[in-house]
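A.B. asks: There's a structure below that I have some questions on.
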There are 2 protein chains.
Amino acid sequence: MKPTDPGACAAWHLLMQFFFTQRASLPSLAAKLDLSPAQCHVLHLIEPGRPLPMGRLAETLACDASNVTGLVDRLESRGLVRRRPSAADRRVKVLELTPTGVRLRALLLDRMTTPPDTLDRLSARERQTLVRILTRLLG
Amino acid sequence: MKPTDPGACAAWHLLMQFFFTQRASLPSLAAKLDLSPAQCHVLHLIEPGRPLPMGRLAETLACDASNVTGLVDRLESRGLVRRRPSAADRRVKVLELTPTGVRLRALLLDRMTTPPDTLDRLSARERQTLVRILTRLLG
DNA sequence: CCTAATGGTTGATGATGTCAACTATTGAGT
DNA sequence: ACTCAATAGTTGACATCATCAACCATTAGG
C-alpha cells in the first residue's frame, strides 16, 4: 500500500474525523454525568469485577503515574472507585468500581453511542461488516 | 433497531474502543511535535486556505469561547496561526494557518494514521467499505 | 544483607477548561 | 437617528489535567 493510496487516505481521514468529533462531544456528555473526559476514560477502562492495578491504568492511559493518583483521588472521593492493597505485592494498589461506579459506567457507555442514533443509519449487514473491519483494525 | 441488538452493540463497543485508544495515544504523539492534544485538535480543524472565525472554532470544539482565546494565544505565539480581523464584521477575528502551521498540520495528520500501519491490514475492498460506512455514520 | 529497581504519593508548575464580568461592535425597533 | 439587546472576543478567578523531580515503602537480585 502506497502512502498516497486514495482508499487508505480516505479511510484514515474519516477515522480521524470520527475521533475528533467524539473528542469534541465528550466534555458535554461527561458533564451531564458530573464527570470529566479523563474520568470517563478511566471509568471505561475499569471493567466491573476486574480489579486493575494503578500502574496498569497509567500504562494504558499513557500518562504519568502521579496523574493517576489525582484522578483516582477524585473518583474515590466521589465513591465511584475503591483502592485495595494487592495481596501479592504490597506496593501495588488495585482499583475496583463500587456499585455506584458500576452503575455510572453503564450509564456512560450507554450514552456514548455516538450522536443520537447515527448507528441506526446502518443496515444490519453494514454493522456486521463494520465490526469485522474494526476488529481487524484494532487487533 | 433494538437497543440490545448484538450487531449494533458490538459495533458501538469497537468504536468506543477505537476512540479511547486514540485518545490515549494522542498525548505522546502530540508531544513529539511539541503540541498538546488540544492544539492538535485545533490544528486539525483549521484547514489551509480556509480562514475560520474564532467563534466557529469554539462551537466545533464545543467549548467556551474564552478557552479558545488561550488556545489561540499559545498557537499564535508559536507562529503556527494568525488572527486577522474580519472585513465583514469588526467583532470577528478569523484564524488562518501560517506556512509553518500548514507544514506542522500536514506532519500531524501524517503521523496520526493509527498505530503504525494497522490500515495496511485491510484489503483495498475493505477500506472502500469502511469509507462508505463511516461516511454514512458521520454524515 | 545491601543495593537497585518498582509502585505509588507529594509538591511545583504549566496547560486545559469553566464561569462571570467586561469592551467593542452589530442589529432591530421605534 | 437613537436606544437597547444580542454577539464576538478578552480578561481574571478558579478547578482539573498532566508532567517532572523528589520521596517512601516494598520487592528482588547479587
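By order in the C-alpha cells, chains are A, B, ...; within a chain, residues start at 1; ligands start at 1, following the order shown.
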Using only C-alpha atoms (C1' of nucleotides), find each residue in chain C having at least one atom no more than 12 Å away from region 35-54 of chain B; report its shortest atom-to-atom pair and that distance in Å (one decimal), rows by chain then rising number, as a tab-separated table.

C.D. replies:
residue	atom	partner	partner_atom	distance
C:DG14	C1'	B:Ser36	CA	11.6
C:DA15	C1'	B:Ser36	CA	8.2
C:DT16	C1'	B:Ala38	CA	7.9
C:DG17	C1'	B:Ala38	CA	10.7

A.B. asks: Would you mind exporting N, CA and C atoms (P, O5', C5', C4', C3', O3' and C1' of nucleotides) of the selected residues as a short mmCIF file (atom, residue, chain, number, x, y, z; two decimals), in the first residue's frame?

C.D. replies:
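Output below, filename selection37.cif:
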data_model
loop_
_atom_site.label_atom_id
_atom_site.label_comp_id
_atom_site.auth_asym_id
_atom_site.auth_seq_id
_atom_site.Cartn_x
_atom_site.Cartn_y
_atom_site.Cartn_z
P DG C 14 5.39 27.63 35.34
"O5'" DG C 14 4.59 26.92 34.17
"C5'" DG C 14 5.26 26.05 33.27
"C4'" DG C 14 4.24 25.32 32.42
"C3'" DG C 14 3.25 26.22 31.67
"O3'" DG C 14 3.01 25.67 30.38
"C1'" DG C 14 2.06 24.78 33.08
P DA C 15 2.13 26.46 29.31
"O5'" DA C 15 0.92 25.47 29.04
"C5'" DA C 15 1.17 24.12 28.69
"C4'" DA C 15 -0.16 23.38 28.62
"C3'" DA C 15 -1.24 24.11 27.83
"O3'" DA C 15 -1.88 23.17 26.98
"C1'" DA C 15 -1.98 23.69 30.05
P DT C 16 -3.12 23.61 26.07
"O5'" DT C 16 -4.38 23.20 26.96
"C5'" DT C 16 -4.55 21.84 27.30
"C4'" DT C 16 -5.81 21.67 28.13
"C3'" DT C 16 -7.07 22.25 27.46
"O3'" DT C 16 -8.07 21.27 27.49
"C1'" DT C 16 -6.87 22.99 29.68
P DG C 17 -9.31 21.41 26.46
"O5'" DG C 17 -10.41 22.18 27.34
"C5'" DG C 17 -11.22 21.45 28.23
"C4'" DG C 17 -11.81 22.35 29.29
"C3'" DG C 17 -12.73 23.47 28.79
"O3'" DG C 17 -14.09 23.04 28.84
"C1'" DG C 17 -11.40 24.09 30.69
#

A.B. asks: DSSP says strand (DSSP E or B) for which residues of region 36-126 of chain A? Put them as a PyMOL selection string?

C.D. replies: chain A and resi 52-53+81-85+93-97

A.B. asks: If chain A is fitted onto chain B by least squares over all C-alpha atoms, taken pair by pair in sequence order, what do its new coordinates look like as a tab-separated table (two decimals) with N, CA and C atoms, in the first residue's frame?

C.D. replies:
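selection.tsv, written as the output of this step:
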chain	number	residue	atom	x	y	z
A	1	MET	N	-34.26	-1.10	15.11
A	1	MET	CA	-33.11	-1.68	15.83
A	1	MET	C	-33.32	-1.59	17.33
A	2	LYS	N	-33.30	-2.72	17.98
A	2	LYS	CA	-33.42	-2.74	19.43
A	2	LYS	C	-32.13	-2.19	20.06
A	3	PRO	N	-32.27	-1.61	21.21
A	3	PRO	CA	-31.07	-1.11	21.88
A	3	PRO	C	-30.11	-2.24	22.21
A	4	THR	N	-30.62	-3.43	22.31
A	4	THR	CA	-29.76	-4.53	22.70
A	4	THR	C	-29.31	-5.37	21.51
A	5	ASP	N	-29.62	-4.90	20.31
A	5	ASP	CA	-29.21	-5.61	19.10
A	5	ASP	C	-27.72	-5.94	19.17
A	6	PRO	N	-27.37	-7.21	19.08
A	6	PRO	CA	-25.97	-7.61	19.29
A	6	PRO	C	-25.02	-7.00	18.25
A	7	GLY	N	-25.47	-6.88	17.01
A	7	GLY	CA	-24.60	-6.29	15.98
A	7	GLY	C	-24.27	-4.86	16.28
A	8	ALA	N	-25.31	-4.09	16.62
A	8	ALA	CA	-25.10	-2.68	16.92
A	8	ALA	C	-24.24	-2.53	18.15
A	9	CYS	N	-24.49	-3.38	19.12
A	9	CYS	CA	-23.76	-3.31	20.38
A	9	CYS	C	-22.28	-3.56	20.14
A	10	ALA	N	-21.96	-4.55	19.34
A	10	ALA	CA	-20.56	-4.87	19.06
A	10	ALA	C	-19.90	-3.73	18.28
A	11	ALA	N	-20.61	-3.21	17.29
A	11	ALA	CA	-20.05	-2.12	16.48
A	11	ALA	C	-19.77	-0.91	17.36
A	12	TRP	N	-20.75	-0.59	18.20
A	12	TRP	CA	-20.61	0.56	19.07
A	12	TRP	C	-19.46	0.37	20.04
A	13	HIS	N	-19.36	-0.83	20.57
A	13	HIS	CA	-18.29	-1.14	21.51
A	13	HIS	C	-16.93	-0.94	20.87
A	14	LEU	N	-16.79	-1.37	19.64
A	14	LEU	CA	-15.51	-1.25	18.93
A	14	LEU	C	-15.20	0.21	18.60
A	15	LEU	N	-16.22	0.95	18.24
A	15	LEU	CA	-15.99	2.36	17.93
A	15	LEU	C	-15.51	3.10	19.18
A	16	MET	N	-16.11	2.77	20.32
A	16	MET	CA	-15.66	3.39	21.58
A	16	MET	C	-14.23	2.99	21.88
A	17	GLN	N	-13.93	1.73	21.65
A	17	GLN	CA	-12.58	1.27	21.91
A	17	GLN	C	-11.59	2.00	21.01
A	18	PHE	N	-11.97	2.15	19.76
A	18	PHE	CA	-11.11	2.90	18.83
A	18	PHE	C	-10.90	4.31	19.34
A	19	PHE	N	-12.00	4.95	19.74
A	19	PHE	CA	-11.90	6.33	20.22
A	19	PHE	C	-10.96	6.44	21.41
A	20	PHE	N	-11.16	5.59	22.40
A	20	PHE	CA	-10.35	5.72	23.62
A	20	PHE	C	-8.90	5.32	23.36
A	21	THR	N	-8.69	4.39	22.46
A	21	THR	CA	-7.31	4.04	22.11
A	21	THR	C	-6.61	5.24	21.50
A	22	GLN	N	-7.27	5.90	20.57
A	22	GLN	CA	-6.70	7.09	19.95
A	22	GLN	C	-6.47	8.17	20.99
A	23	ARG	N	-7.47	8.31	21.89
A	23	ARG	CA	-7.37	9.34	22.90
A	23	ARG	C	-6.13	9.12	23.77
A	24	ALA	N	-5.82	7.85	24.04
A	24	ALA	CA	-4.65	7.55	24.87
A	24	ALA	C	-3.35	7.78	24.12
A	25	SER	N	-3.38	7.58	22.81
A	25	SER	CA	-2.12	7.67	22.07
A	25	SER	C	-1.83	9.09	21.61
A	26	LEU	N	-2.84	9.96	21.67
A	26	LEU	CA	-2.64	11.32	21.17
A	26	LEU	C	-1.58	12.12	21.94
A	27	PRO	N	-1.59	12.10	23.27
A	27	PRO	CA	-0.64	12.93	24.00
A	27	PRO	C	0.81	12.70	23.59
A	28	SER	N	1.23	11.45	23.49
A	28	SER	CA	2.64	11.20	23.17
A	28	SER	C	2.92	11.58	21.73
A	29	LEU	N	1.96	11.30	20.86
A	29	LEU	CA	2.13	11.70	19.46
A	29	LEU	C	2.26	13.22	19.37
A	30	ALA	N	1.39	13.91	20.10
A	30	ALA	CA	1.42	15.37	20.08
A	30	ALA	C	2.74	15.89	20.63
A	31	ALA	N	3.21	15.26	21.71
A	31	ALA	CA	4.44	15.72	22.35
A	31	ALA	C	5.62	15.68	21.38
A	32	LYS	N	5.62	14.71	20.50
A	32	LYS	CA	6.73	14.61	19.54
A	32	LYS	C	6.76	15.82	18.61
A	33	LEU	N	5.63	16.48	18.46
A	33	LEU	CA	5.58	17.68	17.62
A	33	LEU	C	5.52	18.93	18.50
A	34	ASP	N	5.78	18.76	19.79
A	34	ASP	CA	5.72	19.89	20.72
A	34	ASP	C	4.33	20.50	20.76
A	35	LEU	N	3.33	19.65	20.71
A	35	LEU	CA	1.95	20.13	20.77
A	35	LEU	C	1.22	19.43	21.90
A	36	SER	N	0.08	19.99	22.30
A	36	SER	CA	-0.80	19.32	23.24
A	36	SER	C	-1.94	18.71	22.42
A	37	PRO	N	-2.67	17.76	23.01
A	37	PRO	CA	-3.82	17.19	22.32
A	37	PRO	C	-4.79	18.27	21.84
A	38	ALA	N	-5.08	19.23	22.69
A	38	ALA	CA	-6.03	20.28	22.30
A	38	ALA	C	-5.51	21.06	21.10
A	39	GLN	N	-4.21	21.34	21.09
A	39	GLN	CA	-3.64	22.07	19.97
A	39	GLN	C	-3.73	21.25	18.69
A	40	CYS	N	-3.56	19.94	18.80
A	40	CYS	CA	-3.74	19.08	17.63
A	40	CYS	C	-5.15	19.19	17.09
A	41	HIS	N	-6.09	19.20	18.01
A	41	HIS	CA	-7.49	19.29	17.62
A	41	HIS	C	-7.72	20.58	16.83
A	42	VAL	N	-7.19	21.68	17.35
A	42	VAL	CA	-7.35	22.97	16.67
A	42	VAL	C	-6.69	22.94	15.30
A	43	LEU	N	-5.47	22.43	15.26
A	43	LEU	CA	-4.75	22.37	13.99
A	43	LEU	C	-5.52	21.54	12.96
A	44	HIS	N	-6.13	20.48	13.45
A	44	HIS	CA	-6.91	19.63	12.55
A	44	HIS	C	-8.10	20.39	11.97
A	45	LEU	N	-8.65	21.29	12.76
A	45	LEU	CA	-9.88	21.98	12.35
A	45	LEU	C	-9.64	23.18	11.46
A	46	ILE	N	-8.45	23.79	11.54
A	46	ILE	CA	-8.17	24.93	10.67
A	46	ILE	C	-7.54	24.41	9.38
A	47	GLU	N	-8.33	24.35	8.33
A	47	GLU	CA	-7.80	23.84	7.06
A	47	GLU	C	-7.06	24.95	6.34
A	48	PRO	N	-5.96	24.61	5.70
A	48	PRO	CA	-5.17	25.63	5.00
A	48	PRO	C	-6.02	26.34	3.95
A	49	GLY	N	-5.92	27.65	3.93
A	49	GLY	CA	-6.67	28.42	2.94
A	49	GLY	C	-8.13	28.61	3.27
A	50	ARG	N	-8.53	28.18	4.49
A	50	ARG	CA	-9.93	28.33	4.89
A	50	ARG	C	-9.99	29.04	6.23
A	51	PRO	N	-9.94	30.37	6.22
A	51	PRO	CA	-9.96	31.14	7.47
A	51	PRO	C	-11.18	30.78	8.30
A	52	LEU	N	-10.98	30.65	9.61
A	52	LEU	CA	-12.04	30.17	10.50
A	52	LEU	C	-12.26	31.19	11.62
A	53	PRO	N	-13.46	31.74	11.76
A	53	PRO	CA	-13.74	32.66	12.86
A	53	PRO	C	-13.56	31.95	14.19
A	54	MET	N	-13.08	32.68	15.19
A	54	MET	CA	-12.84	32.08	16.49
A	54	MET	C	-14.12	31.50	17.09
A	55	GLY	N	-15.20	32.18	16.92
A	55	GLY	CA	-16.46	31.72	17.47
A	55	GLY	C	-16.85	30.37	16.91
A	56	ARG	N	-16.60	30.21	15.60
A	56	ARG	CA	-16.92	28.94	14.96
A	56	ARG	C	-16.04	27.83	15.50
A	57	LEU	N	-14.81	28.18	15.79
A	57	LEU	CA	-13.90	27.18	16.37
A	57	LEU	C	-14.41	26.74	17.74
A	58	ALA	N	-14.80	27.71	18.56
A	58	ALA	CA	-15.33	27.39	19.89
A	58	ALA	C	-16.55	26.48	19.76
A	59	GLU	N	-17.38	26.78	18.79
A	59	GLU	CA	-18.59	25.99	18.56
A	59	GLU	C	-18.22	24.55	18.21
A	60	THR	N	-17.29	24.39	17.28
A	60	THR	CA	-16.90	23.06	16.83
A	60	THR	C	-16.21	22.27	17.93
A	61	LEU	N	-15.40	22.99	18.72
A	61	LEU	CA	-14.74	22.31	19.84
A	61	LEU	C	-15.72	22.07	20.98
A	62	ALA	N	-16.89	22.67	20.89
A	62	ALA	CA	-17.88	22.56	21.96
A	62	ALA	C	-17.28	23.02	23.28
A	63	CYS	N	-16.60	24.15	23.24
A	63	CYS	CA	-16.03	24.65	24.49
A	63	CYS	C	-16.29	26.15	24.58
A	64	ASP	N	-15.97	26.73	25.73
A	64	ASP	CA	-16.19	28.13	25.97
A	64	ASP	C	-15.28	28.98	25.08
A	65	ALA	N	-15.78	30.16	24.70
A	65	ALA	CA	-14.99	31.05	23.84
A	65	ALA	C	-13.69	31.46	24.51
A	66	SER	N	-13.75	31.65	25.81
A	66	SER	CA	-12.54	32.12	26.50
A	66	SER	C	-11.43	31.07	26.45
A	67	ASN	N	-11.82	29.82	26.34
A	67	ASN	CA	-10.84	28.76	26.22
A	67	ASN	C	-10.10	28.89	24.89
A	68	VAL	N	-10.85	29.21	23.85
A	68	VAL	CA	-10.25	29.37	22.53
A	68	VAL	C	-9.24	30.51	22.55
A	69	THR	N	-9.54	31.57	23.27
A	69	THR	CA	-8.60	32.69	23.36
A	69	THR	C	-7.22	32.20	23.79
A	70	GLY	N	-7.17	31.45	24.89
A	70	GLY	CA	-5.89	30.97	25.39
A	70	GLY	C	-5.22	30.01	24.44
A	71	LEU	N	-6.02	29.11	23.89
A	71	LEU	CA	-5.51	28.13	22.94
A	71	LEU	C	-4.84	28.84	21.76
A	72	VAL	N	-5.54	29.81	21.22
A	72	VAL	CA	-5.00	30.53	20.05
A	72	VAL	C	-3.82	31.40	20.46
A	73	ASP	N	-3.89	31.99	21.66
A	73	ASP	CA	-2.73	32.76	22.15
A	73	ASP	C	-1.45	31.94	22.03
A	74	ARG	N	-1.52	30.70	22.54
A	74	ARG	CA	-0.31	29.88	22.55
A	74	ARG	C	0.10	29.47	21.14
A	75	LEU	N	-0.88	29.12	20.31
A	75	LEU	CA	-0.53	28.74	18.94
A	75	LEU	C	0.04	29.93	18.18
A	76	GLU	N	-0.51	31.11	18.44
A	76	GLU	CA	-0.04	32.30	17.73
A	76	GLU	C	1.37	32.66	18.18
A	77	SER	N	1.62	32.54	19.49
A	77	SER	CA	2.95	32.88	20.00
A	77	SER	C	4.01	31.90	19.47
A	78	ARG	N	3.55	30.76	19.00
A	78	ARG	CA	4.50	29.82	18.40
A	78	ARG	C	4.56	29.97	16.89
A	79	GLY	N	3.81	30.94	16.38
A	79	GLY	CA	3.89	31.23	14.95
A	79	GLY	C	3.20	30.21	14.07
A	80	LEU	N	2.20	29.51	14.61
A	80	LEU	CA	1.51	28.49	13.81
A	80	LEU	C	0.22	29.02	13.22
A	81	VAL	N	-0.31	30.08	13.84
A	81	VAL	CA	-1.63	30.58	13.49
A	81	VAL	C	-1.60	32.11	13.54
A	82	ARG	N	-2.44	32.75	12.75
A	82	ARG	CA	-2.55	34.21	12.78
A	82	ARG	C	-3.99	34.61	13.04
A	83	ARG	N	-4.20	35.64	13.85
A	83	ARG	CA	-5.52	36.26	13.99
A	83	ARG	C	-5.62	37.39	12.97
A	84	ARG	N	-6.71	37.45	12.25
A	84	ARG	CA	-6.92	38.56	11.34
A	84	ARG	C	-8.33	39.11	11.55
A	85	PRO	N	-8.47	40.44	11.54
A	85	PRO	CA	-9.81	41.02	11.71
A	85	PRO	C	-10.66	40.70	10.49
A	86	SER	N	-11.92	40.41	10.73
A	86	SER	CA	-12.83	40.14	9.62
A	86	SER	C	-13.26	41.46	8.99
A	87	ALA	N	-13.28	41.48	7.68
A	87	ALA	CA	-13.69	42.70	6.97
A	87	ALA	C	-15.18	42.95	7.17
A	88	ALA	N	-15.95	41.86	7.21
A	88	ALA	CA	-17.40	41.98	7.25
A	88	ALA	C	-17.90	42.46	8.62
A	89	ASP	N	-17.25	42.02	9.69
A	89	ASP	CA	-17.74	42.30	11.04
A	89	ASP	C	-16.52	42.55	11.92
A	90	ARG	N	-16.40	43.77	12.40
A	90	ARG	CA	-15.17	44.13	13.09
A	90	ARG	C	-15.05	43.48	14.47
A	91	ARG	N	-16.12	42.84	14.94
A	91	ARG	CA	-15.97	42.11	16.20
A	91	ARG	C	-15.22	40.80	15.98
A	92	VAL	N	-15.42	40.23	14.81
A	92	VAL	CA	-14.92	38.88	14.52
A	92	VAL	C	-13.44	38.88	14.18
A	93	LYS	N	-12.74	37.84	14.68
A	93	LYS	CA	-11.37	37.60	14.25
A	93	LYS	C	-11.30	36.22	13.62
A	94	VAL	N	-10.75	36.17	12.44
A	94	VAL	CA	-10.64	34.87	11.77
A	94	VAL	C	-9.22	34.34	11.92
A	95	LEU	N	-9.14	33.02	11.94
A	95	LEU	CA	-7.84	32.37	12.12
A	95	LEU	C	-7.38	31.75	10.82
A	96	GLU	N	-6.09	31.88	10.55
A	96	GLU	CA	-5.53	31.12	9.43
A	96	GLU	C	-4.16	30.61	9.81
A	97	LEU	N	-3.79	29.50	9.20
A	97	LEU	CA	-2.50	28.89	9.47
A	97	LEU	C	-1.40	29.69	8.80
A	98	THR	N	-0.28	29.82	9.48
A	98	THR	CA	0.92	30.35	8.84
A	98	THR	C	1.54	29.23	8.01
A	99	PRO	N	2.49	29.55	7.15
A	99	PRO	CA	3.17	28.48	6.41
A	99	PRO	C	3.72	27.40	7.34
A	100	THR	N	4.32	27.82	8.45
A	100	THR	CA	4.80	26.84	9.43
A	100	THR	C	3.65	25.99	9.95
A	101	GLY	N	2.52	26.65	10.22
A	101	GLY	CA	1.35	25.94	10.71
A	101	GLY	C	0.87	24.91	9.70
A	102	VAL	N	0.88	25.29	8.44
A	102	VAL	CA	0.45	24.37	7.39
A	102	VAL	C	1.34	23.14	7.36
A	103	ARG	N	2.63	23.38	7.44
A	103	ARG	CA	3.57	22.25	7.42
A	103	ARG	C	3.36	21.33	8.62
A	104	LEU	N	3.22	21.95	9.81
A	104	LEU	CA	3.06	21.13	11.02
A	104	LEU	C	1.76	20.35	10.98
A	105	ARG	N	0.72	20.97	10.46
A	105	ARG	CA	-0.57	20.28	10.35
A	105	ARG	C	-0.43	19.06	9.45
A	106	ALA	N	0.24	19.22	8.33
A	106	ALA	CA	0.43	18.09	7.42
A	106	ALA	C	1.19	16.97	8.12
A	107	LEU	N	2.21	17.36	8.86
A	107	LEU	CA	3.01	16.37	9.59
A	107	LEU	C	2.14	15.64	10.60
A	108	LEU	N	1.33	16.41	11.30
A	108	LEU	CA	0.44	15.83	12.31
A	108	LEU	C	-0.51	14.82	11.68
A	109	LEU	N	-1.21	15.23	10.65
A	109	LEU	CA	-2.18	14.34	10.02
A	109	LEU	C	-1.47	13.10	9.51
A	110	ASP	N	-0.28	13.30	9.00
A	110	ASP	CA	0.49	12.17	8.51
A	110	ASP	C	0.76	11.16	9.62
A	111	ARG	N	1.11	11.66	10.79
A	111	ARG	CA	1.48	10.74	11.86
A	111	ARG	C	0.30	10.16	12.61
A	112	MET	N	-0.87	10.70	12.34
A	112	MET	CA	-2.02	10.23	13.11
A	112	MET	C	-2.63	8.96	12.54
A	113	THR	N	-2.10	8.47	11.43
A	113	THR	CA	-2.59	7.22	10.90
A	113	THR	C	-2.42	6.13	11.96
A	114	THR	N	-3.43	5.98	12.77
A	114	THR	CA	-3.48	5.02	13.89
A	114	THR	C	-2.09	4.55	14.34
A	115	PRO	N	-2.02	3.52	15.14
A	115	PRO	CA	-0.68	2.98	15.41
A	115	PRO	C	-0.06	2.57	14.07
A	116	PRO	N	1.24	2.51	14.00
A	116	PRO	CA	1.90	2.29	12.72
A	116	PRO	C	1.26	1.18	11.91
A	117	ASP	N	0.68	1.54	10.79
A	117	ASP	CA	0.37	0.59	9.72
A	117	ASP	C	-0.81	-0.34	9.95
A	118	THR	N	-1.63	-0.08	10.96
A	118	THR	CA	-2.74	-1.03	11.11
A	118	THR	C	-3.67	-0.99	9.91
A	119	LEU	N	-3.67	0.15	9.21
A	119	LEU	CA	-4.54	0.22	8.03
A	119	LEU	C	-4.08	-0.76	6.96
A	120	ASP	N	-2.82	-1.11	6.99
A	120	ASP	CA	-2.30	-2.04	5.98
A	120	ASP	C	-2.93	-3.42	6.11
A	121	ARG	N	-3.49	-3.68	7.30
A	121	ARG	CA	-4.06	-5.01	7.49
A	121	ARG	C	-5.33	-5.21	6.66
A	122	LEU	N	-5.87	-4.11	6.20
A	122	LEU	CA	-7.13	-4.22	5.46
A	122	LEU	C	-6.84	-4.32	3.96
A	123	SER	N	-7.68	-5.09	3.29
A	123	SER	CA	-7.57	-5.16	1.85
A	123	SER	C	-8.17	-3.88	1.25
A	124	ALA	N	-7.88	-3.64	-0.02
A	124	ALA	CA	-8.41	-2.45	-0.68
A	124	ALA	C	-9.93	-2.45	-0.61
A	125	ARG	N	-10.50	-3.64	-0.77
A	125	ARG	CA	-11.95	-3.78	-0.77
A	125	ARG	C	-12.51	-3.43	0.63
A	126	GLU	N	-11.82	-3.88	1.65
A	126	GLU	CA	-12.29	-3.60	3.01
A	126	GLU	C	-12.20	-2.11	3.31
A	127	ARG	N	-11.12	-1.50	2.84
A	127	ARG	CA	-10.98	-0.06	3.09
A	127	ARG	C	-12.12	0.70	2.41
A	128	GLN	N	-12.43	0.24	1.19
A	128	GLN	CA	-13.52	0.87	0.45
A	128	GLN	C	-14.82	0.76	1.25
A	129	THR	N	-15.07	-0.43	1.75
A	129	THR	CA	-16.28	-0.65	2.53
A	129	THR	C	-16.28	0.22	3.79
A	130	LEU	N	-15.12	0.29	4.43
A	130	LEU	CA	-15.02	1.09	5.65
A	130	LEU	C	-15.34	2.55	5.36
A	131	VAL	N	-14.81	3.06	4.26
A	131	VAL	CA	-15.08	4.44	3.87
A	131	VAL	C	-16.57	4.65	3.67
A	132	ARG	N	-17.20	3.72	2.98
A	132	ARG	CA	-18.64	3.86	2.70
A	132	ARG	C	-19.42	3.89	4.02
A	133	ILE	N	-19.10	2.98	4.90
A	133	ILE	CA	-19.84	2.87	6.16
A	133	ILE	C	-19.61	4.10	7.04
A	134	LEU	N	-18.36	4.50	7.15
A	134	LEU	CA	-18.07	5.65	8.01
A	134	LEU	C	-18.70	6.93	7.45
A	135	THR	N	-18.70	7.05	6.14
A	135	THR	CA	-19.33	8.22	5.53
A	135	THR	C	-20.78	8.31	5.96
A	136	ARG	N	-21.46	7.16	5.89
A	136	ARG	CA	-22.86	7.14	6.29
A	136	ARG	C	-23.00	7.45	7.78
A	137	LEU	N	-22.09	6.90	8.54
A	137	LEU	CA	-22.18	7.03	9.99
A	137	LEU	C	-21.96	8.48	10.43
A	138	LEU	N	-21.07	9.16	9.76
A	138	LEU	CA	-20.73	10.53	10.17
A	138	LEU	C	-21.61	11.55	9.48
A	139	GLY	N	-22.27	11.13	8.43
A	139	GLY	CA	-23.18	11.96	7.60
A	139	GLY	C	-23.13	13.38	8.01

A.B. asks: When you get a sec, could you note down which chain D residues fall within 10 Å of chain A, using only C-alpha atoms (C1' of nucleotides), as a PyMOL selection string?

C.D. replies: chain D and resi 16-20+25-27

A.B. asks: Filtering to N, CA and C atoms (P, O5', C5', C4', C3', O3' and C1' of nucleotides), could you give me those residues as an mmCIF file, in the first residue's frame?

C.D. replies:
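That gives us part_15.cif:
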data_model
loop_
_atom_site.group_PDB
_atom_site.id
_atom_site.type_symbol
_atom_site.label_atom_id
_atom_site.label_comp_id
_atom_site.auth_asym_id
_atom_site.auth_seq_id
_atom_site.Cartn_x
_atom_site.Cartn_y
_atom_site.Cartn_z
ATOM 1 P P DT D 16 -11.772 19.820 41.037
ATOM 2 O "O5'" DT D 16 -11.172 19.376 39.618
ATOM 3 C "C5'" DT D 16 -11.972 19.484 38.469
ATOM 4 C "C4'" DT D 16 -11.092 19.238 37.257
ATOM 5 C "C3'" DT D 16 -10.250 17.961 37.365
ATOM 6 O "O3'" DT D 16 -10.520 17.190 36.201
ATOM 7 C "C1'" DT D 16 -8.938 19.804 36.664
ATOM 8 P P DC D 17 -9.854 15.782 35.977
ATOM 9 O "O5'" DC D 17 -8.616 16.112 35.026
ATOM 10 C "C5'" DC D 17 -8.856 16.665 33.762
ATOM 11 C "C4'" DC D 17 -7.547 16.904 33.030
ATOM 12 C "C3'" DC D 17 -6.615 15.692 32.962
ATOM 13 O "O3'" DC D 17 -6.104 15.620 31.655
ATOM 14 C "C1'" DC D 17 -5.479 17.519 33.873
ATOM 15 P P DA D 18 -5.471 14.239 31.134
ATOM 16 O "O5'" DA D 18 -3.923 14.454 31.441
ATOM 17 C "C5'" DA D 18 -3.158 15.197 30.519
ATOM 18 C "C4'" DA D 18 -1.825 15.578 31.116
ATOM 19 C "C3'" DA D 18 -0.969 14.426 31.642
ATOM 20 O "O3'" DA D 18 0.049 14.119 30.716
ATOM 21 C "C1'" DA D 18 -0.839 16.390 33.004
ATOM 22 P P DT D 19 1.182 13.019 31.088
ATOM 23 O "O5'" DT D 19 2.458 13.896 31.490
ATOM 24 C "C5'" DT D 19 2.825 15.016 30.692
ATOM 25 C "C4'" DT D 19 3.928 15.791 31.397
ATOM 26 C "C3'" DT D 19 5.041 14.891 31.948
ATOM 27 O "O3'" DT D 19 6.258 15.151 31.249
ATOM 28 C "C1'" DT D 19 4.286 16.481 33.593
ATOM 29 P P DC D 20 7.544 14.180 31.496
ATOM 30 O "O5'" DC D 20 8.311 14.853 32.744
ATOM 31 C "C5'" DC D 20 8.624 16.234 32.705
ATOM 32 C "C4'" DC D 20 9.174 16.671 34.060
ATOM 33 C "C3'" DC D 20 10.201 15.708 34.678
ATOM 34 O "O3'" DC D 20 11.400 16.415 34.977
ATOM 35 C "C1'" DC D 20 8.518 16.298 36.260
ATOM 36 P P DA D 25 8.581 5.028 54.839
ATOM 37 O "O5'" DA D 25 8.050 3.795 53.981
ATOM 38 C "C5'" DA D 25 6.684 3.743 53.636
ATOM 39 C "C4'" DA D 25 6.453 2.567 52.712
ATOM 40 C "C3'" DA D 25 6.958 1.237 53.265
ATOM 41 O "O3'" DA D 25 5.897 0.317 53.216
ATOM 42 C "C1'" DA D 25 7.795 1.606 51.063
ATOM 43 P P DT D 26 6.102 -1.198 53.781
ATOM 44 O "O5'" DT D 26 6.531 -2.000 52.484
ATOM 45 C "C5'" DT D 26 5.627 -2.038 51.390
ATOM 46 C "C4'" DT D 26 6.328 -2.618 50.211
ATOM 47 C "C3'" DT D 26 6.852 -4.045 50.413
ATOM 48 O "O3'" DT D 26 6.101 -4.883 49.561
ATOM 49 C "C1'" DT D 26 8.376 -2.677 49.205
ATOM 50 P P DT D 27 6.264 -6.493 49.659
ATOM 51 O "O5'" DT D 27 7.285 -6.779 48.465
ATOM 52 C "C5'" DT D 27 6.982 -6.247 47.194
ATOM 53 C "C4'" DT D 27 8.169 -6.405 46.263
ATOM 54 C "C3'" DT D 27 8.782 -7.798 46.221
ATOM 55 O "O3'" DT D 27 8.680 -8.265 44.899
ATOM 56 C "C1'" DT D 27 10.446 -6.125 46.343
#
